[in-house]
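As structure tokens, the structure follows; a few thoughts come after it.
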Amino acid sequence: MSDFAKRLIAWQKQHGRHGLPWQNTSDAYAIYVSEIMLQQSQVSTVIGYYQKFMQRFPTLASLAQASQDEVLQYWSGLGYYSRARNLHKTAQRIATDYAGIFPDDFTVMQSLPGIGRSTAAAIASFAFGQVQTILDGNVKRVLARHFMVSGWTGSKKVEQQLWQLAESLLPQQGMVAYTQGLMDLGATVCTRSQPKCAACPMQGSCAALQANCVYTLPTPKPKKTIPQKQTTMLVLRHGEQIMLEKRPSSGIWGGLWSFPETDAADDLETLVQTRFGLSASSQAPLATISHAFSHYKLSIHVQPMHVTQVPSQVSEPQYSWLSVEEANAAGIPTPVRKILQLLLAEAQTKKSA
DNA sequence: AATGCGTGGCG
DNA sequence: TCGCCAAGCAT
């Protein structure tokens with residue numbers, strides 16, 4: 001066993017994390033759900049979502065049988081919603097193609113929607129004790145420092161080096177502690193800022209520490225200017241109800257419920273009449289909400305409209321008239337939730353006036 | 001292979 | 001306030 005692995009395993013057992021909700025189980029499904037939620041999301045954010053999700057969907061079968069709408073309700077606010085859609089799709093595929101048993105084959109796992117090499121390795125090692133390496137942001141940072149690998153770790157070339165390094169370090173025994181240790185070390189010791197090198201089990205062999213360049217590694221991602229976009233969300237109100245529409249299954253907020261959008265500011269009445277067959281009149285703009293994505297910034301102008309007449313016999317499935325409370329319980333993106341809060345606050349103000 | 005895909009916390 | 005990025009994957 002490599003010295004690296006030996007020290008890491010010993011360190012993990014004594015100083016690593018052991019009480020996270022998805023630890024101390026060998027249920028592949030429970031581990032799988034956690035790994036998907038933890039893709040690009042931090043542990044502290046995931047914990048609450050994970051507990052509610054597992055309470056509602058405790059088994060693979062229960063998830064497979066649920067509607068996509070309900071799965072997205074439980075994912076609402078967590079972001080990267082393709083993870084939820086793929087989670088649901090994979091549960092259904094395992095139910096039909098693999099007799100409901102989570103596959104233990106590393107290659108088969110990677111053929112399932114939403115499971116890539118690193119996630120497959122995490123499941124394979126945690127659930128089945130297999131010798132496969134993960135390579136997430138934590139591991140990239142640990143390896144880039146320990147072996148002084150320069151260059152942005154997201155580039156194909158550097159990433160390939162890191163995969164090879166990670167593989168070369170694998171132990172043949174103790175994979176659960178080893179895999180957890182890789183992540184724990186990056187998350188609690190070899191952190192991006194203010195790493196605790198004095199407490200690191202690898203301080204004797206870390207090349208970056210010896211060369212005094214821990215702070216320059218890993219090489220930061222090349223910057224790009226992110227575009228600023230605008231949209232207007234139409235809050236169509238009829239009595240106590242508002243209208244949401246289901247977004248297309250691909251693209252931003254895919255499959256979630258949201259307010260209808262337009263980029264045209266003028267003649268909203270005609271637009272609403274044409275697009276939805278609704279007679280409505282614009283009210284005073286409610287607010288402008290700033291929302292930052294990873295790849296662009298969005299200013300959302302919130303435009304309430306008073307609907308005087310709703311067609312009696314429309315009920316197309318992509319539209320839904322809901323109370324604010326009902327909307328708040330649906331699979332909605334974060335800015336929509338913020339707008340619903342504004343509407344509730346407005347109603348409260350009116351009540352007390 | 002570079003880009004699209006969310007959100008929240010932190011310095 | 002703002003840039004950075006977190007248990008990545010799909011295309």
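How things are named: the first chain in the structure tokens is A, the next is B, and so on; residues count from 1 in each chain; ligands count from 1 in the order shown.
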
List every residue of chain A that has an atom at most 6 Å from any atom of chain C, and for each one report the closest atom pair and its distance in Å to one decimal, counting only C-alpha atoms (C1' of nucleotides), with rows sorted by chain and then by increasing residue number, as a tab-separated table.
residue	atom	partner	partner_atom	distance
A:Leu38	CA	C:DA7	C1'	4.8
A:Gln39	CA	C:DG8	C1'	5.5
A:Gln40	CA	C:DA6	C1'	5.0
A:Ser41	CA	C:DA6	C1'	5.3
A:Gln42	CA	C:DA6	C1'	5.3
A:Gly114	CA	C:DC9	C1'	5.9

Restrict the calculation to only C-alpha atoms (C1' of nucleotides), then for each residue of chain B with any atom at most 9 Å from an atom of chain A give the closest atom pair and their distance in Å to one decimal, rows by chain and rising residue number, as a Markdown table.
| residue | atom | partner | partner_atom | distance |
| --- | --- | --- | --- | --- |
| B:DA1 | C1' | A:Lys156 | CA | 7.6 |
| B:DG4 | C1' | A:Gly251 | CA | 7.9 |
| B:DC5 | C1' | A:Tyr80 | CA | 5.7 |
| B:DG6 | C1' | A:Gly79 | CA | 3.8 |
| B:DT7 | C1' | A:Gly79 | CA | 5.9 |
| B:DG8 | C1' | A:Thr45 | CA | 7.9 |
| B:DG11 | C1' | A:Ser193 | CA | 8.7 |

Now that the selection is made, can you save its residues with all heavy atoms as a tab-separated table (two decimals), in the first residue's frame?
chain	number	residue	atom	x	y	z
B	1	DA	P	-10.75	16.83	-26.18
B	1	DA	OP1	-10.23	17.29	-24.89
B	1	DA	OP2	-11.73	15.81	-26.30
B	1	DA	O5'	-11.20	18.12	-27.10
B	1	DA	C5'	-10.45	19.29	-26.96
B	1	DA	C4'	-11.35	20.46	-26.62
B	1	DA	O4'	-12.73	20.10	-26.78
B	1	DA	C3'	-11.23	20.92	-25.16
B	1	DA	O3'	-11.56	22.29	-25.12
B	1	DA	C2'	-12.31	20.11	-24.48
B	1	DA	C1'	-13.40	20.22	-25.54
B	1	DA	N9	-14.41	19.15	-25.49
B	1	DA	C8	-14.30	17.92	-24.96
B	1	DA	N7	-15.37	17.19	-25.06
B	1	DA	C5	-16.26	18.02	-25.71
B	1	DA	C6	-17.60	17.85	-26.12
B	1	DA	N6	-18.28	16.72	-25.94
B	1	DA	N1	-18.20	18.88	-26.74
B	1	DA	C2	-17.51	19.99	-26.92
B	1	DA	N3	-16.25	20.27	-26.59
B	1	DA	C4	-15.69	19.23	-25.98
B	4	DG	P	-22.14	28.74	-22.41
B	4	DG	OP1	-22.78	29.68	-23.34
B	4	DG	OP2	-21.36	29.24	-21.25
B	4	DG	O5'	-23.27	27.78	-21.84
B	4	DG	C5'	-24.04	26.98	-22.74
B	4	DG	C4'	-24.90	26.02	-21.95
B	4	DG	O4'	-24.07	25.00	-21.36
B	4	DG	C3'	-25.69	26.66	-20.80
B	4	DG	O3'	-26.98	26.07	-20.78
B	4	DG	C2'	-24.87	26.30	-19.57
B	4	DG	C1'	-24.32	24.94	-19.96
B	4	DG	N9	-23.06	24.56	-19.32
B	4	DG	C8	-21.94	25.34	-19.15
B	4	DG	N7	-20.97	24.71	-18.55
B	4	DG	C5	-21.47	23.45	-18.31
B	4	DG	C6	-20.87	22.32	-17.68
B	4	DG	O6	-19.74	22.22	-17.20
B	4	DG	N1	-21.74	21.23	-17.64
B	4	DG	C2	-23.01	21.23	-18.14
B	4	DG	N2	-23.70	20.10	-18.02
B	4	DG	N3	-23.58	22.27	-18.73
B	4	DG	C4	-22.76	23.34	-18.78
B	5	DC	P	-28.12	26.75	-19.94
B	5	DC	OP1	-29.40	26.41	-20.59
B	5	DC	OP2	-27.78	28.15	-19.67
B	5	DC	O5'	-28.05	25.97	-18.56
B	5	DC	C5'	-28.41	24.61	-18.55
B	5	DC	C4'	-28.01	23.98	-17.25
B	5	DC	O4'	-26.58	23.89	-17.15
B	5	DC	C3'	-28.45	24.75	-15.98
B	5	DC	O3'	-29.18	23.87	-15.16
B	5	DC	C2'	-27.13	25.13	-15.33
B	5	DC	C1'	-26.25	23.99	-15.80
B	5	DC	N1	-24.80	24.21	-15.65
B	5	DC	C2	-23.99	23.12	-15.32
B	5	DC	O2	-24.52	22.01	-15.18
B	5	DC	N3	-22.67	23.30	-15.17
B	5	DC	C4	-22.15	24.53	-15.34
B	5	DC	N4	-20.84	24.67	-15.17
B	5	DC	C5	-22.96	25.64	-15.68
B	5	DC	C6	-24.27	25.45	-15.84
B	6	DG	P	-30.10	24.49	-14.00
B	6	DG	OP1	-30.57	23.45	-13.11
B	6	DG	OP2	-31.03	25.41	-14.67
B	6	DG	O5'	-29.02	25.36	-13.20
B	6	DG	C5'	-29.38	26.59	-12.62
B	6	DG	C4'	-29.69	26.37	-11.15
B	6	DG	O4'	-28.55	25.82	-10.47
B	6	DG	C3'	-30.06	27.64	-10.40
B	6	DG	O3'	-30.98	27.23	-9.40
B	6	DG	C2'	-28.74	28.09	-9.82
B	6	DG	C1'	-28.07	26.74	-9.50
B	6	DG	N9	-26.62	26.71	-9.59
B	6	DG	C8	-25.82	27.36	-10.49
B	6	DG	N7	-24.55	27.07	-10.35
B	6	DG	C5	-24.52	26.16	-9.29
B	6	DG	C6	-23.44	25.49	-8.69
B	6	DG	O6	-22.25	25.56	-8.99
B	6	DG	N1	-23.85	24.66	-7.65
B	6	DG	C2	-25.14	24.50	-7.25
B	6	DG	N2	-25.36	23.67	-6.24
B	6	DG	N3	-26.17	25.11	-7.80
B	6	DG	C4	-25.78	25.93	-8.82
B	7	DT	P	-31.79	28.38	-8.58
B	7	DT	OP1	-33.06	27.80	-8.15
B	7	DT	OP2	-31.77	29.63	-9.34
B	7	DT	O5'	-30.86	28.53	-7.32
B	7	DT	C5'	-30.70	27.41	-6.46
B	7	DT	C4'	-29.57	27.65	-5.50
B	7	DT	O4'	-28.32	27.62	-6.20
B	7	DT	C3'	-29.60	29.01	-4.79
B	7	DT	O3'	-30.09	28.77	-3.48
B	7	DT	C2'	-28.15	29.48	-4.82
B	7	DT	C1'	-27.39	28.28	-5.36
B	7	DT	N1	-26.19	28.57	-6.19
B	7	DT	C2	-25.01	27.94	-5.84
B	7	DT	O2	-24.91	27.19	-4.88
B	7	DT	N3	-23.94	28.22	-6.64
B	7	DT	C4	-23.94	29.06	-7.73
B	7	DT	O4	-22.91	29.24	-8.38
B	7	DT	C5	-25.20	29.69	-8.04
B	7	DT	C7	-25.29	30.62	-9.22
B	7	DT	C6	-26.25	29.41	-7.27
B	8	DG	P	-30.27	29.99	-2.46
B	8	DG	OP1	-31.42	29.61	-1.64
B	8	DG	OP2	-30.24	31.29	-3.16
B	8	DG	O5'	-28.95	29.87	-1.58
B	8	DG	C5'	-28.57	28.61	-1.07
B	8	DG	C4'	-27.22	28.70	-0.42
B	8	DG	O4'	-26.20	28.79	-1.43
B	8	DG	C3'	-27.04	29.91	0.50
B	8	DG	O3'	-26.43	29.50	1.70
B	8	DG	C2'	-26.14	30.84	-0.31
B	8	DG	C1'	-25.33	29.86	-1.15
B	8	DG	N9	-24.87	30.40	-2.42
B	8	DG	C8	-25.57	31.22	-3.27
B	8	DG	N7	-24.91	31.53	-4.34
B	8	DG	C5	-23.69	30.88	-4.20
B	8	DG	C6	-22.56	30.84	-5.05
B	8	DG	O6	-22.40	31.40	-6.14
B	8	DG	N1	-21.55	30.04	-4.53
B	8	DG	C2	-21.61	29.38	-3.34
B	8	DG	N2	-20.53	28.66	-3.00
B	8	DG	N3	-22.66	29.41	-2.53
B	8	DG	C4	-23.66	30.17	-3.02
B	11	DG	P	-14.36	33.14	5.65
B	11	DG	OP1	-13.67	32.12	6.47
B	11	DG	OP2	-15.25	34.12	6.31
B	11	DG	O5'	-13.27	33.93	4.79
B	11	DG	C5'	-12.59	33.26	3.73
B	11	DG	C4'	-12.05	34.29	2.75
B	11	DG	O4'	-13.13	34.83	1.96
B	11	DG	C3'	-11.36	35.48	3.42
B	11	DG	O3'	-10.24	35.85	2.64
B	11	DG	C2'	-12.43	36.57	3.39
B	11	DG	C1'	-13.16	36.24	2.09
B	11	DG	N9	-14.56	36.65	2.08
B	11	DG	C8	-15.46	36.56	3.12
B	11	DG	N7	-16.66	36.99	2.82
B	11	DG	C5	-16.54	37.40	1.49
B	11	DG	C6	-17.50	37.95	0.61
B	11	DG	O6	-18.69	38.21	0.83
B	11	DG	N1	-16.97	38.22	-0.65
B	11	DG	C2	-15.67	37.97	-1.01
B	11	DG	N2	-15.33	38.29	-2.26
B	11	DG	N3	-14.76	37.45	-0.20
B	11	DG	C4	-15.26	37.19	1.03

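Shell of range 316-325 of chain A at 9 Å, with only C-alpha atoms (C1' of nucleotides) counted and residues fewer than 2 places along the chain excluded, is Arg237, His238, Glu240, Gln241, Ile242, Met243, Leu244, Glu245, Lys246, Arg247, Trp257, Gln313, Val314, Ala327, Asn328, Ala329, Leu340, Gln341, Leu343 and Leu344 of chain A.
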
Could the residues in this selection be saved with C-alpha atoms as a compact mmCIF listing (two decimals), in the first residue's frame?
# COMPACT_ATOMS: atom_id res chain seq x y z
CA ARG A 237 -53.32 37.04 -10.78
CA HIS A 238 -56.93 35.96 -10.79
CA GLU A 240 -56.33 34.41 -4.97
CA GLN A 241 -54.58 32.46 -7.68
CA ILE A 242 -51.51 32.97 -9.79
CA MET A 243 -50.45 31.21 -12.97
CA LEU A 244 -47.28 29.16 -13.32
CA GLU A 245 -46.02 27.41 -16.41
CA LYS A 246 -43.93 24.30 -16.64
CA ARG A 247 -40.57 25.00 -18.20
CA TRP A 257 -42.68 25.63 -12.54
CA GLN A 313 -61.89 25.19 -20.71
CA VAL A 314 -58.15 25.57 -21.21
CA ALA A 327 -47.15 27.44 -5.66
CA ASN A 328 -44.69 27.64 -2.81
CA ALA A 329 -44.92 23.87 -2.36
CA LEU A 340 -43.99 34.36 -3.87
CA GLN A 341 -42.62 35.74 -0.61
CA LEU A 343 -46.75 38.42 -2.79
CA LEU A 344 -47.34 37.02 0.69

Task: DSSP alpha helix (DSSP H) residues within range 75-265 of chain A, listed as a PyMOL selection string - done: chain A and resi 75+82-97+106-110+117-128+137-146+156-169+175-188+207-210

Serialized selection, C-alpha atoms, as a PDB file, in the first residue's frame:
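Writing the result to again.pdb gives the following:
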ATOM      1  CA  TRP A  75     -35.034  19.328  -5.166  1.00  0.00           C
ATOM      2  CA  SER A  82     -30.809  17.871 -14.288  1.00  0.00           C
ATOM      3  CA  ARG A  83     -29.428  15.967 -11.312  1.00  0.00           C
ATOM      4  CA  ALA A  84     -32.961  15.417 -10.038  1.00  0.00           C
ATOM      5  CA  ARG A  85     -34.346  14.522 -13.448  1.00  0.00           C
ATOM      6  CA  ASN A  86     -31.524  12.052 -14.011  1.00  0.00           C
ATOM      7  CA  LEU A  87     -31.877  10.645 -10.514  1.00  0.00           C
ATOM      8  CA  HIS A  88     -35.512   9.883 -11.228  1.00  0.00           C
ATOM      9  CA  LYS A  89     -34.740   8.470 -14.676  1.00  0.00           C
ATOM     10  CA  THR A  90     -31.994   6.249 -13.289  1.00  0.00           C
ATOM     11  CA  ALA A  91     -34.252   4.936 -10.525  1.00  0.00           C
ATOM     12  CA  GLN A  92     -36.829   3.969 -13.149  1.00  0.00           C
ATOM     13  CA  ARG A  93     -34.180   2.380 -15.345  1.00  0.00           C
ATOM     14  CA  ILE A  94     -32.831   0.291 -12.468  1.00  0.00           C
ATOM     15  CA  ALA A  95     -36.368  -0.753 -11.605  1.00  0.00           C
ATOM     16  CA  THR A  96     -37.072  -2.001 -15.118  1.00  0.00           C
ATOM     17  CA  ASP A  97     -33.662  -3.102 -16.413  1.00  0.00           C
ATOM     18  CA  PHE A 106     -18.539   0.106 -12.174  1.00  0.00           C
ATOM     19  CA  THR A 107     -19.065   0.294 -15.936  1.00  0.00           C
ATOM     20  CA  VAL A 108     -22.802  -0.275 -15.696  1.00  0.00           C
ATOM     21  CA  MET A 109     -23.076   2.495 -13.118  1.00  0.00           C
ATOM     22  CA  GLN A 110     -21.453   4.951 -15.505  1.00  0.00           C
ATOM     23  CA  ARG A 117     -16.699   8.342 -13.370  1.00  0.00           C
ATOM     24  CA  SER A 118     -16.196  10.059 -10.018  1.00  0.00           C
ATOM     25  CA  THR A 119     -19.710   9.433  -8.737  1.00  0.00           C
ATOM     26  CA  ALA A 120     -19.520   5.809  -9.862  1.00  0.00           C
ATOM     27  CA  ALA A 121     -16.237   5.446  -8.004  1.00  0.00           C
ATOM     28  CA  ALA A 122     -17.724   6.933  -4.848  1.00  0.00           C
ATOM     29  CA  ILE A 123     -20.663   4.529  -4.935  1.00  0.00           C
ATOM     30  CA  ALA A 124     -18.439   1.593  -5.868  1.00  0.00           C
ATOM     31  CA  SER A 125     -16.085   2.215  -2.977  1.00  0.00           C
ATOM     32  CA  PHE A 126     -18.589   3.238  -0.313  1.00  0.00           C
ATOM     33  CA  ALA A 127     -21.272   0.680  -1.083  1.00  0.00           C
ATOM     34  CA  PHE A 128     -19.225  -2.205  -2.437  1.00  0.00           C
ATOM     35  CA  GLY A 137     -12.759  19.303  -6.347  1.00  0.00           C
ATOM     36  CA  ASN A 138     -11.313  18.270  -3.001  1.00  0.00           C
ATOM     37  CA  VAL A 139      -9.142  15.534  -4.467  1.00  0.00           C
ATOM     38  CA  LYS A 140      -7.968  17.742  -7.316  1.00  0.00           C
ATOM     39  CA  ARG A 141      -6.786  20.353  -4.819  1.00  0.00           C
ATOM     40  CA  VAL A 142      -5.069  17.797  -2.564  1.00  0.00           C
ATOM     41  CA  LEU A 143      -3.251  16.153  -5.465  1.00  0.00           C
ATOM     42  CA  ALA A 144      -2.361  19.402  -7.221  1.00  0.00           C
ATOM     43  CA  ARG A 145      -0.653  20.543  -4.046  1.00  0.00           C
ATOM     44  CA  HIS A 146       0.867  17.311  -2.868  1.00  0.00           C
ATOM     45  CA  LYS A 156      -8.484  17.962 -20.141  1.00  0.00           C
ATOM     46  CA  LYS A 157      -4.724  17.582 -19.897  1.00  0.00           C
ATOM     47  CA  VAL A 158      -4.371  18.330 -16.196  1.00  0.00           C
ATOM     48  CA  GLU A 159      -7.440  16.333 -15.324  1.00  0.00           C
ATOM     49  CA  GLN A 160      -6.017  13.298 -17.061  1.00  0.00           C
ATOM     50  CA  GLN A 161      -2.794  13.608 -15.061  1.00  0.00           C
ATOM     51  CA  LEU A 162      -4.799  13.816 -11.876  1.00  0.00           C
ATOM     52  CA  TRP A 163      -6.877  10.745 -12.698  1.00  0.00           C
ATOM     53  CA  GLN A 164      -3.659   8.829 -13.287  1.00  0.00           C
ATOM     54  CA  LEU A 165      -2.114  10.068 -10.052  1.00  0.00           C
ATOM     55  CA  ALA A 166      -5.263   9.266  -8.107  1.00  0.00           C
ATOM     56  CA  GLU A 167      -5.334   5.731  -9.510  1.00  0.00           C
ATOM     57  CA  SER A 168      -1.683   5.133  -8.671  1.00  0.00           C
ATOM     58  CA  LEU A 169      -2.291   5.912  -5.014  1.00  0.00           C
ATOM     59  CA  MET A 175     -11.425   1.810   0.479  1.00  0.00           C
ATOM     60  CA  VAL A 176     -14.257   3.285   2.536  1.00  0.00           C
ATOM     61  CA  ALA A 177     -11.903   5.144   4.884  1.00  0.00           C
ATOM     62  CA  TYR A 178      -9.574   5.988   2.010  1.00  0.00           C
ATOM     63  CA  THR A 179     -12.236   7.538  -0.231  1.00  0.00           C
ATOM     64  CA  GLN A 180     -13.794   9.389   2.674  1.00  0.00           C
ATOM     65  CA  GLY A 181     -10.334  10.508   3.747  1.00  0.00           C
ATOM     66  CA  LEU A 182      -9.581  12.035   0.366  1.00  0.00           C
ATOM     67  CA  MET A 183     -12.650  14.221   0.637  1.00  0.00           C
ATOM     68  CA  ASP A 184     -12.275  14.943   4.338  1.00  0.00           C
ATOM     69  CA  LEU A 185      -8.686  16.057   3.910  1.00  0.00           C
ATOM     70  CA  GLY A 186      -9.648  18.485   1.151  1.00  0.00           C
ATOM     71  CA  ALA A 187     -12.716  19.721   2.983  1.00  0.00           C
ATOM     72  CA  THR A 188     -11.240  20.227   6.440  1.00  0.00           C
ATOM     73  CA  ALA A 207       5.699  19.045  -2.532  1.00  0.00           C
ATOM     74  CA  ALA A 208       3.811  22.331  -2.470  1.00  0.00           C
ATOM     75  CA  LEU A 209       4.452  22.764   1.230  1.00  0.00           C
ATOM     76  CA  GLN A 210       8.168  22.124   0.808  1.00  0.00           C
TER      77      GLN A 210
END

Open item on the list: Report, in Å with one decimal, the straight-line distance from CA of Trp152 in chain A to CA of Gln194 in chain A.
Closed with: 19.6 Å

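Counting from CA of Leu268 in chain A, the distance to CA of Ala284 in chain A is 12.5 Å.
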
DSSP on the backbone: which residues in range 182-273 of chain A end up as strand (DSSP E)? Give the answer as a short mmCIF file (atom, residue, chain, number, x, y, z; two decimals) with N, CA, C and O atoms, in the first residue's frame.
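Final output, saved to part29.cif:
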data_model
loop_
_atom_site.label_atom_id
_atom_site.label_comp_id
_atom_site.auth_asym_id
_atom_site.auth_seq_id
_atom_site.Cartn_x
_atom_site.Cartn_y
_atom_site.Cartn_z
N GLN A 228 -24.71 39.87 -18.52
CA GLN A 228 -25.85 40.34 -17.73
C GLN A 228 -27.10 40.26 -18.60
O GLN A 228 -27.13 40.78 -19.70
N LYS A 229 -28.12 39.57 -18.12
CA LYS A 229 -29.34 39.43 -18.91
C LYS A 229 -30.53 40.00 -18.15
O LYS A 229 -30.48 40.19 -16.94
N GLN A 230 -31.59 40.24 -18.89
CA GLN A 230 -32.82 40.80 -18.31
C GLN A 230 -34.01 39.94 -18.70
O GLN A 230 -34.02 39.36 -19.78
N THR A 231 -34.97 39.89 -17.84
CA THR A 231 -36.24 39.25 -18.21
C THR A 231 -37.35 39.88 -17.39
O THR A 231 -37.09 40.51 -16.35
N THR A 232 -38.56 39.73 -17.88
CA THR A 232 -39.72 40.16 -17.10
C THR A 232 -40.57 38.94 -16.79
O THR A 232 -40.91 38.17 -17.69
N MET A 233 -40.84 38.74 -15.52
CA MET A 233 -41.74 37.65 -15.13
C MET A 233 -43.13 38.21 -14.91
O MET A 233 -43.31 39.20 -14.18
N LEU A 234 -44.10 37.58 -15.55
CA LEU A 234 -45.49 38.04 -15.46
C LEU A 234 -46.21 37.30 -14.34
O LEU A 234 -46.32 36.07 -14.38
N VAL A 235 -46.65 38.05 -13.37
CA VAL A 235 -47.42 37.46 -12.27
C VAL A 235 -48.90 37.67 -12.59
O VAL A 235 -49.47 38.70 -12.28
N LEU A 236 -49.47 36.67 -13.26
CA LEU A 236 -50.87 36.75 -13.65
C LEU A 236 -51.73 36.35 -12.46
O LEU A 236 -51.64 35.22 -11.96
N ARG A 237 -52.54 37.29 -12.00
CA ARG A 237 -53.32 37.04 -10.78
C ARG A 237 -54.81 37.06 -11.11
O ARG A 237 -55.31 37.95 -11.78
N HIS A 238 -55.48 36.04 -10.63
CA HIS A 238 -56.93 35.96 -10.79
C HIS A 238 -57.51 35.54 -9.45
O HIS A 238 -57.33 34.39 -9.05
N GLN A 241 -55.47 33.38 -6.98
CA GLN A 241 -54.58 32.46 -7.68
C GLN A 241 -53.60 33.16 -8.60
O GLN A 241 -53.84 34.27 -9.09
N ILE A 242 -52.51 32.50 -8.84
CA ILE A 242 -51.51 32.97 -9.79
C ILE A 242 -51.23 31.84 -10.79
O ILE A 242 -51.49 30.67 -10.50
N MET A 243 -50.70 32.23 -11.94
CA MET A 243 -50.45 31.21 -12.97
C MET A 243 -48.96 30.89 -13.07
O MET A 243 -48.13 31.79 -13.16
N LEU A 244 -48.65 29.61 -13.06
CA LEU A 244 -47.28 29.16 -13.32
C LEU A 244 -47.29 28.31 -14.59
O LEU A 244 -48.30 27.70 -14.92
N GLU A 245 -46.15 28.31 -15.26
CA GLU A 245 -46.02 27.41 -16.41
C GLU A 245 -44.84 26.49 -16.21
O GLU A 245 -43.84 26.86 -15.60
N LYS A 246 -44.99 25.29 -16.77
CA LYS A 246 -43.93 24.30 -16.64
C LYS A 246 -42.88 24.57 -17.70
O LYS A 246 -43.19 24.67 -18.89
N TRP A 257 -41.57 24.71 -12.32
CA TRP A 257 -42.68 25.63 -12.54
C TRP A 257 -42.20 27.06 -12.31
O TRP A 257 -41.49 27.34 -11.33
N SER A 258 -42.57 27.95 -13.23
CA SER A 258 -42.12 29.33 -13.10
C SER A 258 -43.15 30.28 -13.69
O SER A 258 -44.10 29.85 -14.34
N GLU A 261 -42.43 34.32 -18.89
CA GLU A 261 -41.44 35.37 -19.08
C GLU A 261 -41.58 36.04 -20.43
O GLU A 261 -42.06 35.43 -21.39
N THR A 262 -41.15 37.28 -20.48
CA THR A 262 -41.06 37.99 -21.75
C THR A 262 -39.89 38.95 -21.67
O THR A 262 -39.48 39.37 -20.59
#
